[in-house]
file entry_34.cif (mmCIF, C-alpha atoms)
data_query
loop_
_atom_site.label_atom_id
_atom_site.label_comp_id
_atom_site.auth_asym_id
_atom_site.auth_seq_id
_atom_site.Cartn_x
_atom_site.Cartn_y
_atom_site.Cartn_z
CA MET A 1 -73.83 60.11 -39.66
CA LYS A 2 -72.84 63.14 -41.73
CA ILE A 3 -69.68 64.98 -40.66
CA VAL A 4 -68.74 68.19 -42.46
CA THR A 5 -65.77 70.53 -42.43
CA TRP A 6 -66.19 74.14 -43.55
CA ASN A 7 -63.95 77.18 -43.30
CA ILE A 8 -66.70 79.76 -42.81
CA ASN A 9 -64.34 82.77 -43.13
CA GLY A 10 -66.09 84.87 -40.49
CA VAL A 11 -69.16 83.35 -38.84
CA ARG A 12 -70.83 86.64 -37.93
CA ALA A 13 -70.57 87.91 -41.50
CA ARG A 14 -72.03 84.64 -42.82
CA ILE A 15 -74.49 83.59 -40.14
CA GLU A 16 -77.44 83.74 -42.54
CA ASN A 17 -75.61 81.42 -44.94
CA LEU A 18 -74.65 79.10 -42.10
CA VAL A 19 -78.22 78.76 -40.79
CA ALA A 20 -79.63 78.29 -44.30
CA TRP A 21 -77.00 75.66 -45.03
CA LEU A 22 -77.65 73.79 -41.76
CA LYS A 23 -81.32 73.50 -42.69
CA GLU A 24 -80.54 72.43 -46.25
CA SER A 25 -77.63 70.08 -45.64
CA ASP A 26 -78.75 68.60 -42.29
CA PRO A 27 -75.30 67.55 -41.01
CA ASP A 28 -74.89 65.73 -37.69
CA ILE A 29 -71.50 67.26 -36.83
CA VAL A 30 -69.95 70.40 -38.34
CA CYS A 31 -66.31 71.42 -37.95
CA LEU A 32 -65.95 75.15 -38.60
CA GLN A 33 -62.71 77.07 -39.10
CA GLU A 34 -61.90 80.78 -39.18
CA ILE A 35 -64.89 81.82 -37.09
CA LYS A 36 -62.92 85.05 -36.45
CA CYS A 37 -64.51 85.91 -33.12
CA GLN A 38 -64.12 85.30 -29.43
CA ASP A 39 -66.29 82.67 -27.78
CA GLU A 40 -68.79 85.14 -26.35
CA ALA A 41 -69.28 86.81 -29.75
CA PHE A 42 -70.25 83.63 -31.59
CA PRO A 43 -73.88 83.89 -32.82
CA ARG A 44 -74.83 80.93 -30.66
CA ALA A 45 -78.56 81.64 -30.42
CA ASP A 46 -79.05 81.45 -34.19
CA VAL A 47 -77.26 78.10 -34.42
CA GLU A 48 -79.01 76.66 -31.38
CA ALA A 49 -82.36 77.69 -32.83
CA ALA A 50 -81.45 75.57 -35.87
CA GLY A 51 -81.10 72.56 -33.57
CA TYR A 52 -77.36 72.44 -32.89
CA HIS A 53 -75.18 72.37 -29.80
CA VAL A 54 -72.24 74.77 -30.05
CA GLU A 55 -68.65 74.42 -28.82
CA THR A 56 -66.15 77.13 -29.67
CA HIS A 57 -62.46 77.91 -29.34
CA GLY A 58 -62.35 81.50 -30.48
CA GLN A 59 -59.93 84.35 -30.88
CA LYS A 60 -60.52 88.03 -31.51
CA GLY A 61 -60.51 88.99 -35.18
CA PHE A 62 -58.92 85.93 -36.76
CA ASN A 63 -58.49 82.15 -36.52
CA GLY A 64 -60.98 80.38 -34.25
CA VAL A 65 -62.70 77.01 -34.62
CA ALA A 66 -66.05 75.56 -33.61
CA ILE A 67 -67.89 72.25 -33.53
CA LEU A 68 -71.65 72.21 -34.04
CA SER A 69 -73.53 68.99 -33.36
CA LYS A 70 -77.02 67.60 -33.02
CA LYS A 71 -75.91 65.95 -29.79
CA LYS A 72 -73.78 67.44 -27.02
CA PRO A 73 -70.30 65.89 -26.98
CA ASP A 74 -69.18 63.78 -24.05
CA GLU A 75 -65.79 65.51 -23.94
CA VAL A 76 -64.22 68.63 -25.47
CA ASN A 77 -60.50 69.50 -25.61
CA ARG A 78 -59.34 72.90 -26.82
CA GLY A 79 -55.91 73.55 -28.31
CA LEU A 80 -53.49 71.21 -30.05
CA PRO A 81 -51.37 69.37 -27.46
CA ASN A 82 -47.62 69.66 -27.82
CA ILE A 83 -46.90 65.95 -27.45
CA GLY A 84 -43.22 65.17 -27.13
CA GLY A 85 -42.19 68.71 -28.07
CA ASP A 86 -41.03 71.73 -26.14
CA ASP A 87 -43.21 73.63 -23.68
CA GLU A 88 -43.92 76.44 -26.13
CA LEU A 89 -47.59 77.47 -26.03
CA ASP A 90 -49.54 78.08 -29.22
CA GLU A 91 -51.79 81.05 -28.53
CA HIS A 92 -53.66 80.73 -31.83
CA ALA A 93 -57.13 79.16 -31.66
CA ARG A 94 -56.70 76.55 -34.38
CA PHE A 95 -57.73 73.19 -32.94
CA MET A 96 -60.50 71.52 -30.96
CA GLU A 97 -61.41 67.89 -30.32
CA ALA A 98 -64.81 66.51 -29.35
CA VAL A 99 -65.79 62.96 -28.38
CA PHE A 100 -69.26 61.62 -29.15
CA SER A 101 -70.99 58.40 -28.15
CA THR A 102 -72.37 56.31 -31.01
CA GLU A 103 -74.29 53.06 -31.05
CA LYS A 104 -70.95 51.37 -31.94
CA GLY A 105 -68.74 53.16 -29.42
CA VAL A 106 -67.16 56.61 -29.44
CA ILE A 107 -65.99 58.75 -32.33
CA ARG A 108 -63.39 61.49 -31.98
CA VAL A 109 -63.84 64.50 -34.24
CA CYS A 110 -61.27 67.29 -34.51
CA THR A 111 -61.62 70.65 -36.23
CA ILE A 112 -58.33 71.94 -37.61
CA TYR A 113 -57.23 75.28 -39.01
CA LEU A 114 -53.65 74.66 -40.03
CA PRO A 115 -51.41 77.74 -40.49
CA ASN A 116 -51.15 79.14 -44.01
CA GLY A 117 -47.39 79.73 -43.88
CA ASN A 118 -47.16 82.39 -46.57
CA PRO A 119 -44.99 84.01 -47.65
CA ALA A 120 -42.93 80.83 -47.77
CA GLY A 121 -39.70 82.74 -47.23
CA ASP A 122 -40.90 84.38 -44.04
CA PRO A 123 -38.60 83.38 -41.13
CA VAL A 124 -41.54 83.06 -38.74
CA LYS A 125 -44.69 82.08 -40.64
CA TYR A 126 -43.43 79.10 -42.61
CA PRO A 127 -41.45 77.50 -39.76
CA TYR A 128 -44.56 77.95 -37.59
CA LYS A 129 -46.59 76.02 -40.17
CA LEU A 130 -44.11 73.13 -40.22
CA LYS A 131 -43.83 73.05 -36.44
CA TRP A 132 -47.63 72.97 -36.15
CA MET A 133 -47.79 70.08 -38.62
CA ALA A 134 -45.22 68.18 -36.56
CA ARG A 135 -47.39 68.69 -33.49
CA LEU A 136 -50.42 67.45 -35.40
CA GLU A 137 -48.46 64.39 -36.50
CA ALA A 138 -47.56 63.59 -32.87
CA PHE A 139 -51.18 64.10 -31.79
CA ALA A 140 -52.50 61.85 -34.56
CA ARG A 141 -49.99 59.12 -33.72
CA GLU A 142 -51.13 59.11 -30.09
CA ARG A 143 -54.85 59.11 -30.94
CA LEU A 144 -54.43 56.35 -33.53
CA ALA A 145 -53.06 54.11 -30.79
CA LEU A 146 -56.53 54.19 -29.20
CA GLU A 147 -57.87 52.29 -32.23
CA GLU A 148 -61.09 54.33 -32.30
CA PRO A 149 -62.90 56.11 -35.13
CA LEU A 150 -61.08 59.43 -35.53
CA VAL A 151 -61.89 62.22 -37.98
CA LEU A 152 -59.30 64.98 -38.41
CA ALA A 153 -61.37 67.52 -40.33
CA GLY A 154 -60.43 70.97 -41.43
CA ASP A 155 -58.65 73.51 -43.54
CA TYR A 156 -55.17 72.04 -43.78
CA ASN A 157 -53.82 74.75 -46.09
CA VAL A 158 -52.13 71.92 -47.98
CA ILE A 159 -52.57 71.02 -51.66
CA PRO A 160 -51.60 67.33 -51.54
CA GLU A 161 -51.10 66.57 -55.24
CA PRO A 162 -50.80 68.43 -58.57
CA HIS A 163 -54.31 67.40 -59.59
CA ASP A 164 -55.62 69.15 -56.46
CA CYS A 165 -55.07 72.60 -58.00
CA TRP A 166 -56.08 74.15 -61.28
CA ASP A 167 -52.50 74.89 -62.36
CA PRO A 168 -49.54 73.47 -60.39
CA LYS A 169 -47.13 75.99 -61.93
CA VAL A 170 -49.07 78.84 -60.33
CA TRP A 171 -48.69 77.25 -56.89
CA GLU A 172 -45.18 75.79 -57.04
CA THR A 173 -43.63 78.51 -54.81
CA ASP A 174 -46.62 78.81 -52.48
CA ALA A 175 -46.41 77.50 -48.90
CA LEU A 176 -49.50 75.37 -49.54
CA PHE A 177 -47.77 73.36 -52.28
CA LEU A 178 -44.06 73.35 -51.46
CA PRO A 179 -42.48 69.88 -51.37
CA THR A 180 -41.65 70.40 -47.68
CA THR A 181 -45.31 71.07 -46.92
CA ARG A 182 -46.56 68.13 -48.93
CA ASN A 183 -43.98 65.85 -47.33
CA ALA A 184 -45.15 66.92 -43.86
CA PHE A 185 -48.73 66.18 -44.89
CA ARG A 186 -47.67 62.80 -46.27
CA ARG A 187 -45.99 61.92 -42.98
CA ILE A 188 -49.30 62.54 -41.23
CA GLU A 189 -51.22 60.51 -43.80
CA ASN A 190 -48.68 57.69 -43.66
CA LEU A 191 -49.42 57.12 -40.00
CA GLY A 192 -52.39 55.17 -41.33
CA LEU A 193 -54.89 57.90 -42.13
CA THR A 194 -57.20 57.87 -45.15
CA ASP A 195 -57.96 60.96 -47.23
CA ALA A 196 -61.74 60.51 -47.35
CA VAL A 197 -62.35 62.50 -50.53
CA ARG A 198 -59.66 60.73 -52.52
CA ALA A 199 -60.76 57.36 -51.16
CA SER A 200 -64.17 57.91 -52.75
CA THR A 201 -63.23 59.78 -55.95
CA ASP A 202 -60.73 59.49 -58.77
CA ASP A 203 -58.06 62.06 -59.66
CA ALA A 204 -60.57 64.48 -61.16
CA PRO A 205 -60.67 68.01 -59.71
CA ALA A 206 -62.37 68.10 -56.31
CA TYR A 207 -61.74 71.71 -55.37
CA THR A 208 -62.84 73.12 -52.02
CA PHE A 209 -61.53 76.72 -52.27
CA TRP A 210 -61.80 79.46 -54.88
CA ASP A 211 -60.17 82.83 -54.25
CA TYR A 212 -62.32 85.95 -54.27
CA GLN A 213 -59.97 87.63 -56.75
CA ALA A 214 -59.57 87.46 -60.54
CA GLY A 215 -62.81 85.58 -61.15
CA ALA A 216 -61.42 82.35 -59.72
CA TRP A 217 -64.86 80.92 -58.99
CA GLN A 218 -66.26 81.74 -62.42
CA LYS A 219 -63.16 80.25 -64.13
CA ASN A 220 -63.04 77.25 -61.79
CA PHE A 221 -59.52 78.17 -60.72
CA GLY A 222 -59.77 76.19 -57.49
CA ILE A 223 -57.66 74.16 -55.09
CA ARG A 224 -58.36 71.32 -52.66
CA ILE A 225 -57.14 72.21 -49.17
CA ASP A 226 -60.04 71.14 -46.94
CA HIS A 227 -59.68 67.51 -45.90
CA LEU A 228 -61.29 64.75 -43.86
CA MET A 229 -58.48 62.47 -42.68
CA LEU A 230 -59.70 59.22 -41.16
CA SER A 231 -58.30 56.59 -38.83
CA PRO A 232 -58.68 52.99 -40.08
CA GLU A 233 -61.67 52.55 -37.78
CA ALA A 234 -63.37 55.66 -39.24
CA ALA A 235 -62.41 54.75 -42.82
CA ASP A 236 -64.06 51.37 -42.29
CA LYS A 237 -67.34 53.20 -41.59
CA LEU A 238 -67.04 55.64 -44.53
CA VAL A 239 -69.86 55.32 -47.05
CA SER A 240 -69.24 58.31 -49.34
CA THR A 241 -68.15 61.93 -49.49
CA GLY A 242 -69.51 65.08 -51.07
CA ILE A 243 -68.28 68.60 -51.81
CA GLU A 244 -71.17 71.06 -51.54
CA LYS A 245 -69.81 73.31 -54.23
CA HIS A 246 -73.05 75.22 -54.87
CA VAL A 247 -72.63 77.12 -51.58
CA ARG A 248 -69.79 79.10 -53.17
CA SER A 249 -72.34 80.78 -55.47
CA TRP A 250 -74.48 82.10 -52.62
CA GLU A 251 -74.64 85.77 -51.65
CA LYS A 252 -71.66 86.78 -49.45
CA PRO A 253 -70.03 83.33 -49.64
CA SER A 254 -66.99 82.01 -47.89
CA ASP A 255 -64.13 81.28 -50.28
CA HIS A 256 -64.29 77.66 -49.02
CA VAL A 257 -67.18 75.20 -49.38
CA PRO A 258 -68.43 72.43 -47.08
CA VAL A 259 -66.83 69.00 -47.47
CA ALA A 260 -68.94 66.12 -46.14
CA GLY A 261 -68.27 62.57 -45.12
CA TYR A 262 -71.09 60.05 -44.67
CA PHE A 263 -70.48 57.29 -42.14
CA ASN A 264 -72.26 54.13 -41.10
CA LEU A 265 -72.65 55.43 -37.55
CA GLU A 266 -75.42 56.93 -35.46
CA PHE A 267 -75.43 58.84 -32.18
CA ALA A 268 -76.13 56.63 -29.18
#

call {"tool": "encode", "arguments": {"input": "entry_34.cif", "output": "structure tokens"}}
result
Amino acid sequence: MKIVTWNINGVRARIENLVAWLKESDPDIVCLQEIKCQDEAFPRADVEAAGYHVETHGQKGFNGVAILSKKKPDEVNRGLPNIGGDDELDEHARFMEAVFSTEKGVIRVCTIYLPNGNPAGDPVKYPYKLKWMARLEAFARERLALEEPLVLAGDYNVIPEPHDCWDPKVWETDALFLPTTRNAFRRIENLGLTDAVRASTDDAPAYTFWDYQAGAWQKNFGIRIDHLMLSPEAADKLVSTGIEKHVRSWEKPSDHVPVAGYFNLEFA
């Protein structure tokens, strides 16, 4: 089973790239972020014609997530639960969970678009990022108790380690790399999750994002912020990972590229 996360950065603007990539890459499950459209505006017909079922959790103009799959999920949950927190609702479309049957039981796959948080000194944006990460931590803790394969896939807007960016000094005051952000990410990981890419690679650059500005792609000034975080049961089924970097060189690309995990699982 091939599970991929990709921040598409506007699905309607990049539908031709998405369809071409689906045919080339042949993933089983795709977690999209930043679809930037409401549910009814998603170019569903094009994706269905490529052989994929579509589930969306959209929002007008920004945010929005989707899960594409070769098999219809058994269950879909939209929105990140606020487990153990206050009753404050998060109106941003940033999270969706789908459950699929496999020949070895179920697998839970979540698509995540974690808040950016910049500028870090903003009294609203950065606290919102940290609060959202605390909610994700509570959700992950609850799901891990089920002892099922769980894949938390998405754009985390977190650079975990210095070797995950081209120049740590450039990012040291950015919300993606602040110690507080990285500590929050580490708390999530320390629940027992495995960073799939780092579990299958060394400390060499494994960038997943290159800014559109200042020739970042051409200079390889990248960062790694798109992650597949795995429960022990999912990590046990992990075979390998791959970053499909070549997609960044396509016409009208997203600034992110697909990140794939290959698992010893098949749909039931």

call {"tool": "closest_residue", "arguments": {"input": "entry_34.cif", "among": "A:Asn77, A:Thr208, A:Thr181, A:Ser254", "to": "Arg14 in chain A", "atoms": "only C-alpha atoms"}}
result
A:Ser254

call {"tool": "atom_distance", "arguments": {"input": "entry_34.cif", "atom1": "CA of Lys72 in chain A", "atom2": "CA of Val30 in chain A"}}
result
12.3 Å

call {"tool": "closest_residue", "arguments": {"input": "entry_34.cif", "among": "A:Gly51, A:Pro160, A:Pro258, A:Gly58", "to": "Asn183 in chain A", "atoms": "only C-alpha atoms"}}
result
A:Pro160

call {"tool": "residues_around", "arguments": {"input": "entry_34.cif", "residues": "Leu152 in chain A", "least_positions_apart": "3", "cutoff": "9 Å", "atoms": "all atoms listed in the file", "output": "list in words"}}
result
Glu97, Arg108, Val109, Cys110, Thr111, Ile112, Ala140, His227, Leu228, Met229, Leu230 and Ser231 of chain A

call {"tool": "residues_around", "arguments": {"input": "entry_34.cif", "residues": "His57 in chain A", "least_positions_apart": "6", "cutoff": "7 Å", "atoms": "all atoms listed in the file", "output": "list of chain:residue names"}}
result
A:Asp39, A:Gly64, A:Val65, A:Ala66, A:Arg78, A:Ala93, A:Met96

call {"tool": "closest_residue", "arguments": {"input": "entry_34.cif", "among": "A:Pro232, A:Pro73, A:Gly242, A:Gly192", "to": "Glu137 in chain A", "atoms": "all atoms listed in the file"}}
result
A:Gly192

call {"tool": "decode", "arguments": {"input": "entry_34.cif", "residues": "range 110-125 of chain A", "atoms": "all heavy atoms", "output": "PDB file, in the first residue's frame"}}
result
ATOM      1  N   CYS A 110      -4.931  10.041   8.515  1.00  0.00           N
ATOM      2  CA  CYS A 110      -5.361  11.417   8.760  1.00  0.00           C
ATOM      3  C   CYS A 110      -4.580  12.364   7.863  1.00  0.00           C
ATOM      4  O   CYS A 110      -3.366  12.216   7.703  1.00  0.00           O
ATOM      5  CB  CYS A 110      -5.146  11.810  10.220  1.00  0.00           C
ATOM      6  SG  CYS A 110      -6.007  10.752  11.398  1.00  0.00           S
ATOM      7  N   THR A 111      -5.267  13.333   7.290  1.00  0.00           N
ATOM      8  CA  THR A 111      -4.613  14.408   6.549  1.00  0.00           C
ATOM      9  C   THR A 111      -4.621  15.652   7.416  1.00  0.00           C
ATOM     10  O   THR A 111      -5.661  16.032   7.966  1.00  0.00           O
ATOM     11  CB  THR A 111      -5.273  14.648   5.185  1.00  0.00           C
ATOM     12  OG1 THR A 111      -4.599  15.711   4.510  1.00  0.00           O
ATOM     13  CG2 THR A 111      -6.751  14.969   5.282  1.00  0.00           C
ATOM     14  N   ILE A 112      -3.461  16.287   7.542  1.00  0.00           N
ATOM     15  CA  ILE A 112      -3.248  17.361   8.511  1.00  0.00           C
ATOM     16  C   ILE A 112      -2.643  18.577   7.827  1.00  0.00           C
ATOM     17  O   ILE A 112      -1.658  18.464   7.103  1.00  0.00           O
ATOM     18  CB  ILE A 112      -2.283  16.878   9.623  1.00  0.00           C
ATOM     19  CG1 ILE A 112      -2.922  15.751  10.437  1.00  0.00           C
ATOM     20  CG2 ILE A 112      -1.853  18.033  10.523  1.00  0.00           C
ATOM     21  CD1 ILE A 112      -1.931  15.020  11.321  1.00  0.00           C
ATOM     22  N   TYR A 113      -3.251  19.737   8.059  1.00  0.00           N
ATOM     23  CA  TYR A 113      -2.635  20.992   7.636  1.00  0.00           C
ATOM     24  C   TYR A 113      -2.487  21.854   8.878  1.00  0.00           C
ATOM     25  O   TYR A 113      -3.380  22.603   9.259  1.00  0.00           O
ATOM     26  CB  TYR A 113      -3.472  21.687   6.563  1.00  0.00           C
ATOM     27  CG  TYR A 113      -2.882  23.014   6.113  1.00  0.00           C
ATOM     28  CD1 TYR A 113      -1.529  23.124   5.833  1.00  0.00           C
ATOM     29  CD2 TYR A 113      -3.677  24.148   5.989  1.00  0.00           C
ATOM     30  CE1 TYR A 113      -0.974  24.335   5.446  1.00  0.00           C
ATOM     31  CE2 TYR A 113      -3.138  25.359   5.592  1.00  0.00           C
ATOM     32  CZ  TYR A 113      -1.791  25.444   5.327  1.00  0.00           C
ATOM     33  OH  TYR A 113      -1.236  26.650   4.941  1.00  0.00           O
ATOM     34  N   LEU A 114      -1.339  21.720   9.520  1.00  0.00           N
ATOM     35  CA  LEU A 114      -1.094  22.396  10.780  1.00  0.00           C
ATOM     36  C   LEU A 114      -0.861  23.890  10.536  1.00  0.00           C
ATOM     37  O   LEU A 114      -0.237  24.262   9.550  1.00  0.00           O
ATOM     38  CB  LEU A 114       0.127  21.757  11.437  1.00  0.00           C
ATOM     39  CG  LEU A 114       0.271  21.882  12.941  1.00  0.00           C
ATOM     40  CD1 LEU A 114       0.936  20.633  13.523  1.00  0.00           C
ATOM     41  CD2 LEU A 114       1.100  23.100  13.307  1.00  0.00           C
ATOM     42  N   PRO A 115      -1.360  24.756  11.415  1.00  0.00           N
ATOM     43  CA  PRO A 115      -1.185  26.199  11.220  1.00  0.00           C
ATOM     44  C   PRO A 115       0.270  26.610  11.086  1.00  0.00           C
ATOM     45  O   PRO A 115       1.155  26.045  11.732  1.00  0.00           O
ATOM     46  CB  PRO A 115      -1.814  26.804  12.478  1.00  0.00           C
ATOM     47  CG  PRO A 115      -2.805  25.783  12.925  1.00  0.00           C
ATOM     48  CD  PRO A 115      -2.197  24.459  12.578  1.00  0.00           C
ATOM     49  N   ASN A 116       0.509  27.622  10.258  1.00  0.00           N
ATOM     50  CA  ASN A 116       1.856  28.130  10.026  1.00  0.00           C
ATOM     51  C   ASN A 116       2.396  28.857  11.260  1.00  0.00           C
ATOM     52  O   ASN A 116       3.515  28.631  11.698  1.00  0.00           O
ATOM     53  CB  ASN A 116       1.858  29.045   8.800  1.00  0.00           C
ATOM     54  CG  ASN A 116       3.217  29.600   8.467  1.00  0.00           C
ATOM     55  OD1 ASN A 116       3.718  30.498   9.151  1.00  0.00           O
ATOM     56  ND2 ASN A 116       3.831  29.079   7.411  1.00  0.00           N
ATOM     57  N   GLY A 117       1.621  29.771  11.804  1.00  0.00           N
ATOM     58  CA  GLY A 117       2.007  30.454  13.038  1.00  0.00           C
ATOM     59  C   GLY A 117       2.799  31.726  12.877  1.00  0.00           C
ATOM     60  O   GLY A 117       3.089  32.407  13.861  1.00  0.00           O
ATOM     61  N   ASN A 118       3.168  32.074  11.651  1.00  0.00           N
ATOM     62  CA  ASN A 118       3.937  33.301  11.437  1.00  0.00           C
ATOM     63  C   ASN A 118       3.028  34.508  11.255  1.00  0.00           C
ATOM     64  O   ASN A 118       1.913  34.386  10.755  1.00  0.00           O
ATOM     65  CB  ASN A 118       4.842  33.127  10.215  1.00  0.00           C
ATOM     66  CG  ASN A 118       6.116  32.383  10.551  1.00  0.00           C
ATOM     67  OD1 ASN A 118       6.853  32.775  11.444  1.00  0.00           O
ATOM     68  ND2 ASN A 118       6.367  31.292   9.832  1.00  0.00           N
ATOM     69  N   PRO A 119       3.523  35.679  11.654  1.00  0.00           N
ATOM     70  CA  PRO A 119       4.799  35.932  12.336  1.00  0.00           C
ATOM     71  C   PRO A 119       4.774  35.412  13.771  1.00  0.00           C
ATOM     72  O   PRO A 119       3.740  35.478  14.443  1.00  0.00           O
ATOM     73  CB  PRO A 119       4.941  37.449  12.286  1.00  0.00           C
ATOM     74  CG  PRO A 119       3.538  37.958  12.199  1.00  0.00           C
ATOM     75  CD  PRO A 119       2.782  36.946  11.398  1.00  0.00           C
ATOM     76  N   ALA A 120       5.909  34.926  14.229  1.00  0.00           N
ATOM     77  CA  ALA A 120       5.967  34.249  15.520  1.00  0.00           C
ATOM     78  C   ALA A 120       5.553  35.152  16.679  1.00  0.00           C
ATOM     79  O   ALA A 120       5.086  34.669  17.707  1.00  0.00           O
ATOM     80  CB  ALA A 120       7.368  33.696  15.750  1.00  0.00           C
ATOM     81  N   GLY A 121       5.713  36.460  16.512  1.00  0.00           N
ATOM     82  CA  GLY A 121       5.330  37.376  17.571  1.00  0.00           C
ATOM     83  C   GLY A 121       3.870  37.781  17.559  1.00  0.00           C
ATOM     84  O   GLY A 121       3.425  38.533  18.437  1.00  0.00           O
ATOM     85  N   ASP A 122       3.117  37.274  16.600  1.00  0.00           N
ATOM     86  CA  ASP A 122       1.702  37.635  16.509  1.00  0.00           C
ATOM     87  C   ASP A 122       0.950  37.062  17.712  1.00  0.00           C
ATOM     88  O   ASP A 122       1.102  35.894  18.058  1.00  0.00           O
ATOM     89  CB  ASP A 122       1.118  37.073  15.208  1.00  0.00           C
ATOM     90  CG  ASP A 122      -0.298  37.566  14.956  1.00  0.00           C
ATOM     91  OD1 ASP A 122      -1.237  37.022  15.573  1.00  0.00           O
ATOM     92  OD2 ASP A 122      -0.459  38.479  14.143  1.00  0.00           O
ATOM     93  N   PRO A 123       0.113  37.892  18.383  1.00  0.00           N
ATOM     94  CA  PRO A 123      -0.563  37.423  19.599  1.00  0.00           C
ATOM     95  C   PRO A 123      -1.673  36.415  19.331  1.00  0.00           C
ATOM     96  O   PRO A 123      -2.195  35.800  20.272  1.00  0.00           O
ATOM     97  CB  PRO A 123      -1.135  38.724  20.187  1.00  0.00           C
ATOM     98  CG  PRO A 123      -1.313  39.619  19.009  1.00  0.00           C
ATOM     99  CD  PRO A 123      -0.180  39.294  18.082  1.00  0.00           C
ATOM    100  N   VAL A 124      -2.046  36.228  18.074  1.00  0.00           N
ATOM    101  CA  VAL A 124      -3.110  35.293  17.731  1.00  0.00           C
ATOM    102  C   VAL A 124      -2.573  34.081  16.972  1.00  0.00           C
ATOM    103  O   VAL A 124      -2.843  32.930  17.329  1.00  0.00           O
ATOM    104  CB  VAL A 124      -4.215  35.986  16.893  1.00  0.00           C
ATOM    105  CG1 VAL A 124      -5.262  34.971  16.433  1.00  0.00           C
ATOM    106  CG2 VAL A 124      -4.866  37.102  17.686  1.00  0.00           C
ATOM    107  N   LYS A 125      -1.779  34.318  15.942  1.00  0.00           N
ATOM    108  CA  LYS A 125      -1.396  33.237  15.032  1.00  0.00           C
ATOM    109  C   LYS A 125      -0.501  32.191  15.692  1.00  0.00           C
ATOM    110  O   LYS A 125      -0.713  30.980  15.514  1.00  0.00           O
ATOM    111  CB  LYS A 125      -0.707  33.816  13.790  1.00  0.00           C
ATOM    112  CG  LYS A 125      -1.650  34.618  12.897  1.00  0.00           C
ATOM    113  CD  LYS A 125      -0.949  35.123  11.642  1.00  0.00           C
ATOM    114  CE  LYS A 125      -1.921  35.854  10.736  1.00  0.00           C
ATOM    115  NZ  LYS A 125      -1.258  36.354   9.501  1.00  0.00           N
TER     116      LYS A 125
END
